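Raw contents of final.tsv, TSV, C-alpha atoms and all ligand atoms:
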```
chain	number	residue	atom	x	y	z
J	1	MET	CA	-61.15	-88.34	70.18
J	2	GLN	CA	-61.12	-87.47	66.47
J	3	ARG	CA	-61.95	-90.90	65.16
J	4	MET	CA	-65.43	-90.02	63.95
J	5	PRO	CA	-65.31	-88.56	60.45
J	6	GLU	CA	-66.48	-84.96	60.35
J	7	GLU	CA	-68.95	-85.73	57.62
J	8	ILE	CA	-70.80	-88.23	59.81
J	9	VAL	CA	-70.99	-85.81	62.71
J	10	SER	CA	-72.44	-83.10	60.52
J	11	ARG	CA	-74.91	-85.47	58.93
J	12	VAL	CA	-76.17	-86.74	62.26
J	13	LEU	CA	-76.43	-83.19	63.54
J	14	ARG	CA	-78.55	-82.09	60.58
J	15	LEU	CA	-78.35	-78.37	61.16
J	16	LEU	CA	-78.78	-76.78	57.77
J	17	GLY	CA	-75.76	-74.73	56.74
J	18	TYR	CA	-73.76	-75.73	59.80
J	19	ARG	CA	-71.13	-78.35	60.48
J	20	GLY	CA	-69.42	-79.82	63.48
J	21	TYR	CA	-65.66	-79.20	63.35
J	22	ARG	CA	-64.57	-80.56	66.72
J	23	TRP	CA	-66.01	-82.93	69.33
J	24	GLU	CA	-65.27	-84.36	72.68
J	25	LEU	CA	-66.67	-87.37	74.50
J	26	ASN	CA	-66.75	-87.49	78.26
J	27	GLU	CA	-67.09	-91.18	79.12
J	28	GLU	CA	-67.76	-90.58	82.78
J	29	ALA	CA	-70.53	-88.02	82.41
J	30	LEU	CA	-71.74	-89.57	79.13
J	31	THR	CA	-71.68	-86.21	77.43
J	32	LEU	CA	-70.78	-85.43	73.87
J	33	THR	CA	-69.76	-81.86	73.13
J	34	ILE	CA	-69.71	-80.70	69.52
J	35	TRP	CA	-68.30	-77.40	68.24
J	36	VAL	CA	-70.46	-76.01	65.47
J	37	ARG	CA	-70.03	-73.25	62.89
J	38	GLN	CA	-71.41	-72.13	59.54
J	39	VAL	CA	-70.28	-73.86	56.35
J	40	GLY	CA	-68.55	-72.05	53.49
J	41	TRP	CA	-65.76	-69.53	53.09
J	42	ASP	CA	-67.99	-66.44	52.75
J	43	PRO	CA	-70.92	-66.95	55.15
J	44	SER	CA	-73.76	-64.51	55.67
J	45	TYR	CA	-75.52	-63.83	58.96
J	46	THR	CA	-79.07	-62.77	59.72
J	47	CYS	CA	-79.58	-59.62	61.76
J	48	SER	CA	-81.78	-60.44	64.76
J	49	GLY	CA	-83.18	-56.92	64.69
J	50	CYS	CA	-84.54	-56.65	61.15
J	51	GLY	CA	-83.86	-60.01	59.53
J	52	ILE	CA	-81.67	-58.86	56.63
J	53	GLY	CA	-78.48	-60.67	55.59
J	54	VAL	CA	-75.27	-59.14	56.93
J	55	ARG	CA	-71.59	-59.91	56.26
J	56	ALA	CA	-69.64	-57.48	58.41
J	57	ILE	CA	-68.63	-59.14	61.67
J	58	HIS	CA	-68.14	-57.17	64.85
J	59	SER	CA	-67.09	-60.01	67.13
J	60	VAL	CA	-67.49	-63.75	67.70
J	61	ARG	CA	-68.54	-65.58	70.82
J	62	GLU	CA	-69.25	-69.21	71.68
J	63	ARG	CA	-72.54	-70.28	73.19
J	64	ARG	CA	-73.15	-73.60	74.86
J	65	VAL	CA	-76.59	-75.08	74.26
J	66	ARG	CA	-78.23	-78.40	74.99
J	67	ASP	CA	-79.35	-80.46	71.99
J	68	LEU	CA	-81.22	-83.74	71.52
J	69	PRO	CA	-79.37	-86.82	72.80
J	70	TRP	CA	-77.47	-89.29	70.60
J	71	GLY	CA	-78.41	-92.65	72.00
J	72	SER	CA	-77.40	-92.60	75.65
J	73	TRP	CA	-75.17	-89.54	75.16
J	74	THR	CA	-76.25	-86.13	76.33
J	75	VAL	CA	-75.31	-83.67	73.60
J	76	TRP	CA	-74.04	-80.14	74.05
J	77	LEU	CA	-73.31	-77.82	71.17
J	78	ILE	CA	-70.81	-75.01	71.31
J	79	VAL	CA	-72.09	-72.64	68.66
J	80	GLU	CA	-70.21	-69.77	67.09
J	81	VAL	CA	-72.43	-66.73	67.47
J	82	HIS	CA	-71.53	-63.45	65.78
J	83	ARG	CA	-72.28	-59.86	66.53
J	84	VAL	CA	-72.64	-58.09	63.23
J	85	TYR	CA	-72.78	-54.58	61.83
J	86	CYS	CA	-76.26	-54.15	60.39
J	87	ARG	CA	-76.72	-51.05	58.24
J	88	ARG	CA	-80.19	-50.55	59.70
J	89	CYS	CA	-79.80	-51.60	63.33
J	90	GLY	CA	-76.12	-51.05	64.11
J	91	VAL	CA	-74.32	-53.74	66.09
J	92	ARG	CA	-76.59	-56.70	66.62
J	93	VAL	CA	-76.29	-60.35	67.48
J	94	GLU	CA	-77.03	-62.69	64.56
J	95	ARG	CA	-80.16	-64.80	64.49
J	96	ILE	CA	-79.64	-68.56	64.24
J	97	ASP	CA	-82.71	-70.54	63.26
J	98	PHE	CA	-82.06	-73.61	65.36
J	99	LEU	CA	-81.57	-71.63	68.57
J	100	GLU	CA	-84.32	-70.39	70.85
J	101	GLY	CA	-83.29	-66.77	71.38
J	102	LYS	CA	-80.87	-66.64	74.28
J	103	HIS	CA	-82.02	-69.86	75.92
J	104	PRO	CA	-79.44	-72.53	76.64
J	105	TYR	CA	-80.99	-75.19	74.39
J	106	THR	CA	-81.82	-75.70	70.74
J	107	ARG	CA	-85.26	-75.17	69.32
J	108	ARG	CA	-85.73	-78.87	68.59
J	109	PHE	CA	-84.74	-79.73	72.15
J	110	ALA	CA	-87.40	-77.37	73.50
J	111	ALA	CA	-89.96	-78.84	71.11
J	112	ARG	CA	-89.26	-82.36	72.38
J	113	VAL	CA	-89.55	-81.31	76.03
J	114	ALA	CA	-92.80	-79.47	75.29
J	115	SER	CA	-94.24	-82.47	73.50
J	116	ASP	CA	-93.41	-84.66	76.51
J	117	CYS	CA	-95.36	-82.19	78.63
J	118	GLU	CA	-98.49	-83.00	76.66
J	119	ASP	CA	-98.96	-86.29	78.42
J	120	ALA	CA	-96.81	-86.23	81.53
J	121	ALA	CA	-96.60	-84.01	84.59
J	122	VAL	CA	-93.89	-81.33	84.62
J	123	ARG	CA	-92.08	-83.04	87.46
J	124	ARG	CA	-91.76	-86.28	85.51
J	125	VAL	CA	-90.56	-84.52	82.36
J	126	ALA	CA	-88.02	-82.58	84.41
J	127	ALA	CA	-86.64	-85.79	85.88
J	128	ARG	CA	-86.48	-87.47	82.46
J	129	TRP	CA	-84.39	-84.66	80.94
J	130	GLY	CA	-82.43	-83.70	84.00
J	131	LEU	CA	-83.90	-80.21	84.03
J	132	SER	CA	-85.46	-78.18	86.80
J	133	PRO	CA	-89.27	-78.08	86.92
J	134	GLN	CA	-89.14	-74.30	86.41
J	135	THR	CA	-87.17	-74.72	83.19
J	136	VAL	CA	-89.59	-77.35	81.88
J	137	ARG	CA	-92.56	-75.14	82.75
J	138	ARG	CA	-90.94	-72.20	80.97
J	139	ILE	CA	-90.26	-74.24	77.85
J	140	ASP	CA	-93.77	-75.67	77.84
J	141	LYS	CA	-95.41	-72.29	78.34
J	142	ARG	CA	-93.39	-70.63	75.59
J	143	THR	CA	-94.27	-73.40	73.16
J	144	LEU	CA	-97.94	-73.10	74.04
J	145	GLN	CA	-97.82	-69.34	73.60
J	146	ALA	CA	-96.38	-69.78	70.12
J	147	TRP	CA	-99.12	-72.30	69.33
J	148	SER	CA	-101.77	-69.91	70.63
J	149	ARG	CA	-100.44	-66.97	68.58
J	150	GLN	CA	-100.84	-68.83	65.31
J	151	ARG	CA	-104.45	-69.85	66.05
J	152	LYS	CA	-107.25	-67.97	64.38
J	153	ARG	CA	-109.00	-65.74	66.86
J	154	ARG	CA	-112.75	-66.11	66.76
J	155	PRO	CA	-115.38	-63.74	68.06
J	156	LEU	CA	-116.72	-64.52	71.51
J	157	ARG	CA	-120.45	-64.95	71.08
J	158	TRP	CA	-121.48	-67.23	73.91
J	159	MET	CA	-119.60	-66.54	77.05
J	160	GLY	CA	-119.63	-68.73	80.14
J	161	VAL	CA	-118.70	-67.64	83.64
J	162	ASP	CA	-118.22	-70.30	86.25
J	163	GLU	CA	-116.33	-70.84	89.46
J	164	LEU	CA	-113.93	-73.57	90.28
J	165	PHE	CA	-113.31	-74.64	93.85
J	166	TRP	CA	-110.25	-76.60	94.69
J	167	ARG	CA	-107.87	-77.40	97.46
J	168	LYS	CA	-107.74	-75.27	100.60
J	169	GLY	CA	-111.00	-73.52	99.76
J	170	LYS	CA	-109.33	-71.63	96.95
J	171	CYS	CA	-111.68	-70.36	94.31
J	172	LEU	CA	-111.11	-69.39	90.70
J	173	THR	CA	-113.38	-67.55	88.31
J	174	VAL	CA	-113.34	-69.20	84.89
J	175	VAL	CA	-114.46	-67.42	81.74
J	176	SER	CA	-115.00	-69.58	78.67
J	177	ASP	CA	-116.01	-69.52	75.06
J	178	LEU	CA	-118.97	-71.89	74.96
J	179	GLU	CA	-118.95	-72.14	71.19
J	180	ALA	CA	-115.29	-73.20	71.08
J	181	GLY	CA	-115.74	-75.28	74.22
J	182	GLU	CA	-112.64	-73.96	75.94
J	183	PRO	CA	-111.67	-71.65	78.77
J	184	ILE	CA	-110.22	-68.28	77.84
J	185	TRP	CA	-109.36	-66.71	81.17
J	186	VAL	CA	-109.07	-67.54	84.86
J	187	GLY	CA	-108.68	-65.24	87.83
J	188	GLU	CA	-108.44	-65.73	91.55
J	189	GLU	CA	-111.52	-65.32	93.77
J	190	ARG	CA	-115.01	-64.63	92.56
J	191	LYS	CA	-115.72	-60.99	93.10
J	192	ARG	CA	-117.09	-58.32	90.85
J	193	GLU	CA	-113.54	-56.98	90.52
J	194	THR	CA	-112.37	-60.40	89.30
J	195	LEU	CA	-114.69	-60.31	86.32
J	196	ASP	CA	-114.02	-56.61	85.73
J	197	ARG	CA	-110.38	-57.55	85.44
J	198	PHE	CA	-111.21	-60.08	82.72
J	199	PHE	CA	-112.93	-57.41	80.66
J	200	ALA	CA	-110.06	-54.98	81.14
J	201	GLU	CA	-107.38	-57.55	80.31
J	202	SER	CA	-108.90	-59.79	77.70
J	203	LEU	CA	-111.97	-58.38	76.00
J	204	SER	CA	-111.63	-55.06	74.25
J	205	PRO	CA	-114.75	-52.89	73.92
J	206	ARG	CA	-114.81	-53.73	70.22
J	207	ARG	CA	-114.87	-57.49	70.87
J	208	ARG	CA	-117.48	-57.07	73.60
J	209	ARG	CA	-120.04	-56.13	71.00
J	210	ALA	CA	-120.03	-59.66	69.60
J	211	VAL	CA	-121.19	-61.25	72.87
J	212	ARG	CA	-124.82	-62.30	72.57
J	213	ALA	CA	-125.40	-64.25	75.76
J	214	VAL	CA	-123.60	-65.00	79.00
J	215	CYS	CA	-124.25	-68.20	80.87
J	216	VAL	CA	-123.64	-67.57	84.55
J	217	ASP	CA	-124.55	-68.53	88.09
J	218	MET	CA	-127.11	-66.52	90.09
J	219	TRP	CA	-124.26	-64.69	91.74
J	220	GLU	CA	-124.85	-60.98	92.21
J	221	PRO	CA	-121.22	-59.71	91.97
J	222	PHE	CA	-120.82	-61.38	88.56
J	223	LEU	CA	-124.17	-60.04	87.38
J	224	GLN	CA	-123.20	-56.50	88.30
J	225	SER	CA	-120.01	-56.73	86.31
J	226	ILE	CA	-121.73	-58.26	83.26
J	227	ARG	CA	-124.57	-55.72	83.21
J	228	LYS	CA	-122.04	-52.92	83.33
J	229	GLN	CA	-119.61	-54.27	80.71
J	230	LEU	CA	-122.04	-56.03	78.38
J	231	PRO	CA	-125.26	-54.05	78.61
J	232	ARG	CA	-126.61	-55.62	75.43
J	233	ALA	CA	-125.87	-59.27	76.10
J	234	ALA	CA	-128.56	-61.56	77.49
J	235	ILE	CA	-127.94	-63.16	80.85
J	236	VAL	CA	-128.87	-66.86	80.94
J	237	PHE	CA	-128.66	-68.61	84.29
J	238	ASP	CA	-126.81	-71.87	84.20
J	239	LYS	CA	-129.34	-74.67	84.58
J	240	PHE	CA	-126.99	-76.77	86.68
J	241	HIS	CA	-126.68	-74.03	89.24
J	242	VAL	CA	-130.42	-73.43	89.33
J	243	MET	CA	-131.02	-77.16	89.77
J	244	LYS	CA	-128.52	-77.17	92.60
J	245	HIS	CA	-130.74	-74.73	94.47
J	246	VAL	CA	-133.73	-77.00	93.74
J	247	ASN	CA	-131.86	-80.06	95.01
J	248	ASP	CA	-130.82	-78.18	98.12
J	249	ALA	CA	-134.50	-77.50	98.83
J	250	VAL	CA	-135.31	-81.22	98.45
J	251	ASP	CA	-132.43	-82.11	100.74
J	252	GLU	CA	-133.46	-79.62	103.38
J	253	THR	CA	-137.02	-80.97	103.30
J	254	ARG	CA	-135.65	-84.48	103.72
J	255	ARG	CA	-133.64	-83.45	106.75
J	256	GLN	CA	-136.57	-81.69	108.39
J	257	GLU	CA	-138.88	-84.62	107.77
J	258	PHE	CA	-136.30	-87.07	109.05
J	259	PHE	CA	-136.16	-85.34	112.41
J	260	ARG	CA	-139.95	-85.00	112.55
J	261	GLN	CA	-140.39	-88.76	112.18
J	262	LYS	CA	-139.91	-91.45	114.78
J	263	GLY	CA	-138.62	-95.02	114.86
J	264	PRO	CA	-139.55	-97.21	111.88
J	265	LEU	CA	-140.50	-94.30	109.63
J	266	ARG	CA	-137.05	-92.83	110.11
J	267	ALA	CA	-135.46	-96.13	109.21
J	268	VAL	CA	-137.20	-96.15	105.82
J	269	MET	CA	-135.97	-92.63	105.05
J	270	ARG	CA	-132.44	-93.33	106.04
J	271	GLY	CA	-129.89	-93.27	103.23
J	272	LYS	CA	-132.39	-92.05	100.62
J	273	ARG	CA	-130.62	-88.78	99.92
J	274	TRP	CA	-129.01	-89.90	96.68
J	275	LEU	CA	-132.28	-91.39	95.42
J	276	LEU	CA	-134.13	-88.18	96.08
J	277	LEU	CA	-131.60	-86.10	94.21
J	278	THR	CA	-131.40	-88.35	91.16
J	279	ARG	CA	-133.77	-87.79	88.30
J	280	TRP	CA	-136.54	-90.36	88.03
J	281	GLN	CA	-135.62	-91.23	84.46
J	282	ASN	CA	-132.10	-92.15	85.58
J	283	LEU	CA	-133.16	-94.65	88.25
J	284	THR	CA	-133.30	-98.42	87.75
J	285	ARG	CA	-136.52	-100.26	88.46
J	286	ARG	CA	-135.34	-101.48	91.84
J	287	LYS	CA	-134.20	-98.01	92.87
J	288	ARG	CA	-137.52	-96.60	91.76
J	289	SER	CA	-139.49	-98.95	93.97
J	290	ALA	CA	-137.24	-98.17	96.96
J	291	LEU	CA	-137.86	-94.48	96.38
J	292	THR	CA	-141.60	-94.98	95.94
J	293	GLU	CA	-141.71	-96.82	99.24
J	294	ALA	CA	-140.04	-93.94	101.07
J	295	LEU	CA	-142.16	-91.32	99.36
J	296	SER	CA	-145.44	-93.12	100.08
J	297	LEU	CA	-144.78	-92.78	103.79
J	298	ASN	CA	-144.20	-89.06	103.76
J	299	ARG	CA	-146.48	-86.72	101.89
J	300	ARG	CA	-144.27	-83.66	102.16
J	301	LEU	CA	-141.25	-85.46	100.90
J	302	PHE	CA	-143.32	-86.82	98.05
J	303	LYS	CA	-144.44	-83.33	97.16
J	304	ALA	CA	-140.87	-82.01	97.32
J	305	TYR	CA	-139.66	-84.72	94.97
J	306	TYR	CA	-142.56	-84.13	92.62
J	307	LEU	CA	-141.90	-80.37	92.52
J	308	LYS	CA	-138.27	-80.99	91.73
J	309	GLU	CA	-139.05	-83.37	88.88
J	310	GLN	CA	-141.58	-80.90	87.48
J	311	ILE	CA	-139.40	-77.81	87.44
J	312	ASP	CA	-137.04	-79.41	84.94
J	313	ARG	CA	-139.64	-78.72	82.25
J	314	LEU	CA	-138.85	-75.03	82.56
J	315	TRP	CA	-135.97	-75.55	80.13
J	316	SER	CA	-138.01	-77.32	77.49
J	317	TYR	CA	-139.83	-74.23	76.21
J	318	THR	CA	-139.16	-72.08	73.18
J	319	TYR	CA	-141.97	-69.61	73.86
J	320	GLU	CA	-141.34	-67.47	76.84
J	321	GLY	CA	-145.05	-66.91	77.51
J	322	ALA	CA	-145.67	-70.64	77.80
J	323	ALA	CA	-142.69	-71.07	80.13
J	324	ARG	CA	-143.97	-68.23	82.30
J	325	ARG	CA	-147.43	-69.83	82.52
J	326	PHE	CA	-145.86	-73.15	83.46
J	327	PHE	CA	-143.84	-71.51	86.21
J	328	GLU	CA	-146.90	-69.78	87.62
J	329	ALA	CA	-148.75	-73.10	87.76
J	330	TRP	CA	-145.74	-74.61	89.52
J	331	LEU	CA	-145.79	-71.81	92.10
J	332	LYS	CA	-149.49	-72.36	92.64
J	333	SER	CA	-149.06	-76.06	93.32
J	334	LEU	CA	-146.59	-75.15	96.02
J	335	ARG	CA	-149.16	-73.26	98.06
J	336	TRP	CA	-150.48	-74.75	101.35
J	337	GLN	CA	-147.82	-77.42	101.20
J	338	ARG	CA	-145.91	-76.31	104.31
J	339	LEU	CA	-142.55	-76.70	102.62
J	340	PRO	CA	-140.45	-73.82	103.97
J	341	ALA	CA	-137.41	-74.79	101.91
J	342	PHE	CA	-139.48	-74.54	98.74
J	343	LYS	CA	-140.97	-71.21	99.79
J	344	LYS	CA	-137.43	-69.86	99.91
J	345	LEU	CA	-136.60	-71.49	96.60
J	346	ALA	CA	-139.69	-70.01	94.95
J	347	LYS	CA	-138.54	-66.55	95.99
J	348	THR	CA	-135.08	-67.10	94.51
J	349	LEU	CA	-136.49	-68.44	91.25
J	350	THR	CA	-139.03	-65.62	90.95
J	351	THR	CA	-136.45	-62.87	91.36
J	352	HIS	CA	-134.21	-64.56	88.78
J	353	LEU	CA	-136.95	-65.66	86.42
J	354	ASP	CA	-135.93	-63.42	83.50
J	355	GLY	CA	-132.47	-64.97	83.43
J	356	ILE	CA	-133.92	-68.49	83.63
J	357	LEU	CA	-136.42	-67.89	80.85
J	358	ALA	CA	-133.77	-66.24	78.68
J	359	TYR	CA	-132.95	-69.81	77.72
J	360	CYS	CA	-136.08	-69.76	75.53
J	361	HIS	CA	-134.25	-67.35	73.22
J	362	HIS	CA	-130.62	-68.35	73.79
J	363	LYS	CA	-130.04	-72.09	73.85
J	364	VAL	CA	-126.59	-71.94	75.40
J	365	PRO	CA	-125.01	-75.40	75.75
J	366	PHE	CA	-125.09	-75.96	79.52
J	367	GLY	CA	-123.18	-79.22	79.29
J	368	VAL	CA	-120.18	-77.42	77.83
J	369	VAL	CA	-119.79	-75.31	80.97
J	370	GLU	CA	-119.52	-78.46	83.07
J	371	ALA	CA	-117.17	-80.14	80.60
J	372	ILE	CA	-114.78	-77.17	80.60
J	373	ASN	CA	-114.81	-77.12	84.37
J	374	GLY	CA	-114.00	-80.83	84.39
J	375	ASN	CA	-111.07	-80.41	81.98
J	376	LEU	CA	-109.57	-77.64	84.08
J	377	ARG	CA	-109.95	-79.72	87.21
J	378	ALA	CA	-108.21	-82.71	85.58
J	379	ILE	CA	-105.29	-80.55	84.46
J	380	ILE	CA	-104.90	-78.90	87.84
J	381	ARG	CA	-104.93	-82.31	89.50
J	382	ARG	CA	-102.26	-83.66	87.16
J	383	GLY	CA	-100.03	-80.61	87.20
J	384	ARG	CA	-100.37	-79.69	90.85
J	385	GLY	CA	-100.33	-76.06	91.85
J	386	TYR	CA	-100.72	-73.96	88.76
J	387	THR	CA	-99.73	-70.62	90.16
J	388	ASP	CA	-99.65	-69.12	86.69
J	389	PRO	CA	-103.22	-68.74	85.38
J	390	GLU	CA	-102.11	-68.02	81.81
J	391	TYR	CA	-100.20	-71.29	81.71
J	392	LEU	CA	-103.20	-73.18	83.07
J	393	ILE	CA	-105.47	-71.73	80.38
J	394	LEU	CA	-103.03	-72.47	77.56
J	395	LYS	CA	-102.58	-76.00	78.81
J	396	THR	CA	-106.33	-76.61	78.92
J	397	GLN	CA	-106.87	-75.09	75.48
J	398	LYS	CA	-104.21	-77.31	73.98
J	399	SER	CA	-105.58	-80.48	75.53
J	400	THR	CA	-109.11	-79.53	74.44
J	401	ALA	CA	-107.88	-78.96	70.90
J	402	GLN	CA	-106.19	-82.35	70.92
J	403	LEU	CA	-109.29	-84.11	72.23
J	404	ARG	CA	-111.23	-82.48	69.43
J	405	LEU	CA	-108.75	-83.86	66.90
J	406	VAL	CA	-108.99	-87.34	68.37
J	407	ARG	CA	-112.78	-87.21	68.24
J	408	ALA	CA	-112.79	-85.92	64.69
J	409	ALA	CA	-110.53	-88.74	63.52
X	1	ZN	ZN	-80.80	-55.16	61.33
```
What do you get writing this file as C-alpha cells?
Amino acid sequence: MQRMPEEIVSRVLRLLGYRGYRWELNEEALTLTIWVRQVGWDPSYTCSGCGIGVRAIHSVRERRVRDLPWGSWTVWLIVEVHRVYCRRCGVRVERIDFLEGKHPYTRRFAARVASDCEDAAVRRVAARWGLSPQTVRRIDKRTLQAWSRQRKRRPLRWMGVDELFWRKGKCLTVVSDLEAGEPIWVGEERKRETLDRFFAESLSPRRRRAVRAVCVDMWEPFLQSIRKQLPRAAIVFDKFHVMKHVNDAVDETRRQEFFRQKGPLRAVMRGKRWLLLTRWQNLTRRKRSALTEALSLNRRLFKAYYLKEQIDRLWSYTYEGAARRFFEAWLKSLRWQRLPAFKKLAKTLTTHLDGILAYCHHKVPFGVVEAINGNLRAIIRRGRGYTDPEYLILKTQKSTAQLRLVRAA
C-alpha cells in the first residue's frame, strides 16, 4: 500500500515539523494508519518538564493516537515519542505540540469533539465519533477548563443565591455572578453547610470583600451563612421569591372562598386561579372583564387581588423612608379584612422588611437570577444527569458567553 507519495501524505497531515513515513489502509475497517516522526537529520525535542530544547535521547517508543478523519477513513497516527535526558529535569518524555498529554488522540481531534459538544448532547457526539460518552465528557470538560483558565477573572460584586429543583425532588444551590449573568458554583442540597462550602471552595476571604450585595431567597439557612461569611454585604431578597409568597396568599384565599361559596357563585370562581395570579397589566381586555366579574361577586377575593397588585409598588422606591411608609399603609389596609392568609403574609414580610427594602439602595437585576436558572435548567435537560457540578457550571458559562456574542453581533 505504498502508492501514495510521501509528500502528499505529509501535506495532508499538516503537522508542523513532522512527516508520515509509512501508512496502511484497512479496507474492511476503513481505517488508515500513518506512522509519523520528526523531519530532519538532527532533530531537537522539547522537555515536557521545563520546556527547553533537548537532543540527547534516552529511548524511543511508539504511541497510537486518533486523529481527524480523511473523508470516510478513520485515521490513526503512530507517533514516535522520545524520552530524553534533560539537564534540568533528568529523564523526561518529550512534549509534542499536537498531542494532548498522554491521551490517545491528537489535540485537533479533541478540539473537534469539544466543538461538537457545543450544540449536541454528549450521547449523540459519542455515537458520531465512535467514542464512549465518558471519553466525550472528559474531552469536553478539559476543553472548557482550558477556556475558563484563559478568561479574565472579575471581582464578584453582586452575588445571587438561588435553588434549582429538578427530577426526583433533587435540589441544587446555585451561586451566580449577577453582573456577568452567569453561574459560578453549584452544590447539592440547600443547607447552610452547602453555602459555607461555596465560600470555602470558591471565594477567598480577599475576594469576599468585593461583594456588595447578595440577592437571595428568604431562606434562613442561607441567610445564616451569608451573614457569617459576608458581614458587610447587603442582603436583598429576591423579588420573585417574595412575590411567590404573595401569590400563595392570594391562592389560599381563593381556595378558602371557593369552599365557602355555594352553587352558582362557585361556578363563577372556578378556573380563575391563573387570572388571579397574573398581573393586571398583563391581561387582555377579555380576561380583565372575566376577572372583574369573579371579583365583583366576592369582596374578600377582590381585596386579596387588590393587595397583591398594590404590593408590587414596594420595589419602585429609591428612598427607603417612602417605601417604609408605603408598606405601613399597606399593612393598615389589611386590617379588619378577615384574610388569614394575608395576616400570615404580613408577618413574613414584616420580619424580612429590611432585606426587601435593601433594594432601594442596591438595584440588583432580579431578572438575571431567573435567566441564569433557566439556562441551567435547559442544559441539564439537554445533557441529562450532570453528576459533575463543575462540568455543569463550565457548560453553562460557555453557552452564556456564546449567547452574549450572538446578541452583540
Ligand atoms: Zn527539563
Within 8 Å of ligand ZN 1 (chain X), which residues show up when you count all atoms listed in the file? List them as a short mmCIF file (atom, residue, chain, number, x, y, z; two decimals) with C-alpha atoms, keeping the file's coordinate frame, please.
```cif
data_model
loop_
_atom_site.label_atom_id
_atom_site.label_comp_id
_atom_site.auth_asym_id
_atom_site.auth_seq_id
_atom_site.Cartn_x
_atom_site.Cartn_y
_atom_site.Cartn_z
CA THR J 46 -79.07 -62.77 59.72
CA CYS J 47 -79.58 -59.62 61.76
CA SER J 48 -81.78 -60.44 64.76
CA GLY J 49 -83.18 -56.92 64.69
CA CYS J 50 -84.54 -56.65 61.15
CA GLY J 51 -83.86 -60.01 59.53
CA ILE J 52 -81.67 -58.86 56.63
CA CYS J 86 -76.26 -54.15 60.39
CA ARG J 87 -76.72 -51.05 58.24
CA ARG J 88 -80.19 -50.55 59.70
CA CYS J 89 -79.80 -51.60 63.33
CA GLY J 90 -76.12 -51.05 64.11
CA ARG J 92 -76.59 -56.70 66.62
#
```
Give me the residues near Ile184 in chain J as an mmCIF file with C-alpha atoms, in the coordinates of the input, where near means some atom within 9 Å (using only C-alpha atoms) and where sequence neighbours in that chain fewer than 5 positions away do not count.
```cif
data_model
loop_
_atom_site.group_PDB
_atom_site.id
_atom_site.type_symbol
_atom_site.label_atom_id
_atom_site.label_comp_id
_atom_site.auth_asym_id
_atom_site.auth_seq_id
_atom_site.Cartn_x
_atom_site.Cartn_y
_atom_site.Cartn_z
ATOM 1 C CA VAL J 174 -113.340 -69.200 84.890
ATOM 2 C CA VAL J 175 -114.460 -67.420 81.740
ATOM 3 C CA SER J 176 -115.000 -69.580 78.670
ATOM 4 C CA ASP J 177 -116.010 -69.520 75.060
ATOM 5 C CA SER J 202 -108.900 -59.790 77.700
ATOM 6 C CA ILE J 393 -105.470 -71.730 80.380
ATOM 7 C CA LEU J 394 -103.030 -72.470 77.560
ATOM 8 C CA GLN J 397 -106.870 -75.090 75.480
#
```
Practice task
Can you work out which one of J:Val136, J:Val268, J:Val9, J:Val246 has the shortest atom-to-atom distance to Glu309 in chain J, counting only C-alpha atoms?
Solution key: J:Val246
Problem - range 20-22 of chain J environment, 9 Å, all atoms listed in the file, sequence neighbours closer than 6 positions dropped, as a PyMOL selection string - result: chain J and resi 2+6-7+9-10+13+33-38+77
Practice task
Find the residue from J:Ile380, J:Val369, J:Ile311, J:Leu99 that sits nearest to Gly181 in chain J; use all atoms listed in the file when measuring.
Solution key: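 For Gly181 in chain J, the nearest of the given residues is J:Val369.
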Exercise for the section: Identify which of the residues J:Ser59, J:Thr387, J:Asn26, J:Ser115 lies closest to Trp76 in chain J, counting only C-alpha atoms when measuring atom-to-atom distances. Expected result: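 Using only C-alpha atoms, the shortest distance to Trp76 in chain J belongs to J:Asn26.
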Could I see range 23-33 of chain J restored to N, CA and C atoms, set down as a tab-separated table (two decimals), in the coordinates of the input?
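As a result, selection-v2.tsv now contains:
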```
chain	number	residue	atom	x	y	z
J	23	TRP	N	-65.12	-82.28	68.35
J	23	TRP	CA	-66.01	-82.93	69.33
J	23	TRP	C	-65.22	-83.59	70.42
J	24	GLU	N	-65.93	-83.79	71.53
J	24	GLU	CA	-65.27	-84.36	72.68
J	24	GLU	C	-66.26	-85.26	73.41
J	25	LEU	N	-65.80	-86.46	73.76
J	25	LEU	CA	-66.67	-87.37	74.50
J	25	LEU	C	-66.17	-87.45	75.93
J	26	ASN	N	-67.10	-87.30	76.87
J	26	ASN	CA	-66.75	-87.49	78.26
J	26	ASN	C	-67.39	-88.78	78.73
J	27	GLU	N	-66.57	-89.85	78.82
J	27	GLU	CA	-67.09	-91.18	79.12
J	27	GLU	C	-67.76	-91.26	80.48
J	28	GLU	N	-67.23	-90.50	81.43
J	28	GLU	CA	-67.76	-90.58	82.78
J	28	GLU	C	-69.15	-89.95	82.87
J	29	ALA	N	-69.25	-88.75	82.33
J	29	ALA	CA	-70.53	-88.02	82.41
J	29	ALA	C	-71.47	-88.40	81.27
J	30	LEU	N	-70.97	-89.20	80.33
J	30	LEU	CA	-71.74	-89.57	79.13
J	30	LEU	C	-72.21	-88.34	78.35
J	31	THR	N	-71.31	-87.38	78.22
J	31	THR	CA	-71.68	-86.21	77.43
J	31	THR	C	-70.82	-86.10	76.19
J	32	LEU	N	-71.47	-85.68	75.13
J	32	LEU	CA	-70.78	-85.43	73.87
J	32	LEU	C	-70.89	-83.94	73.57
J	33	THR	N	-69.75	-83.29	73.42
J	33	THR	CA	-69.76	-81.86	73.13
J	33	THR	C	-69.29	-81.66	71.70
```
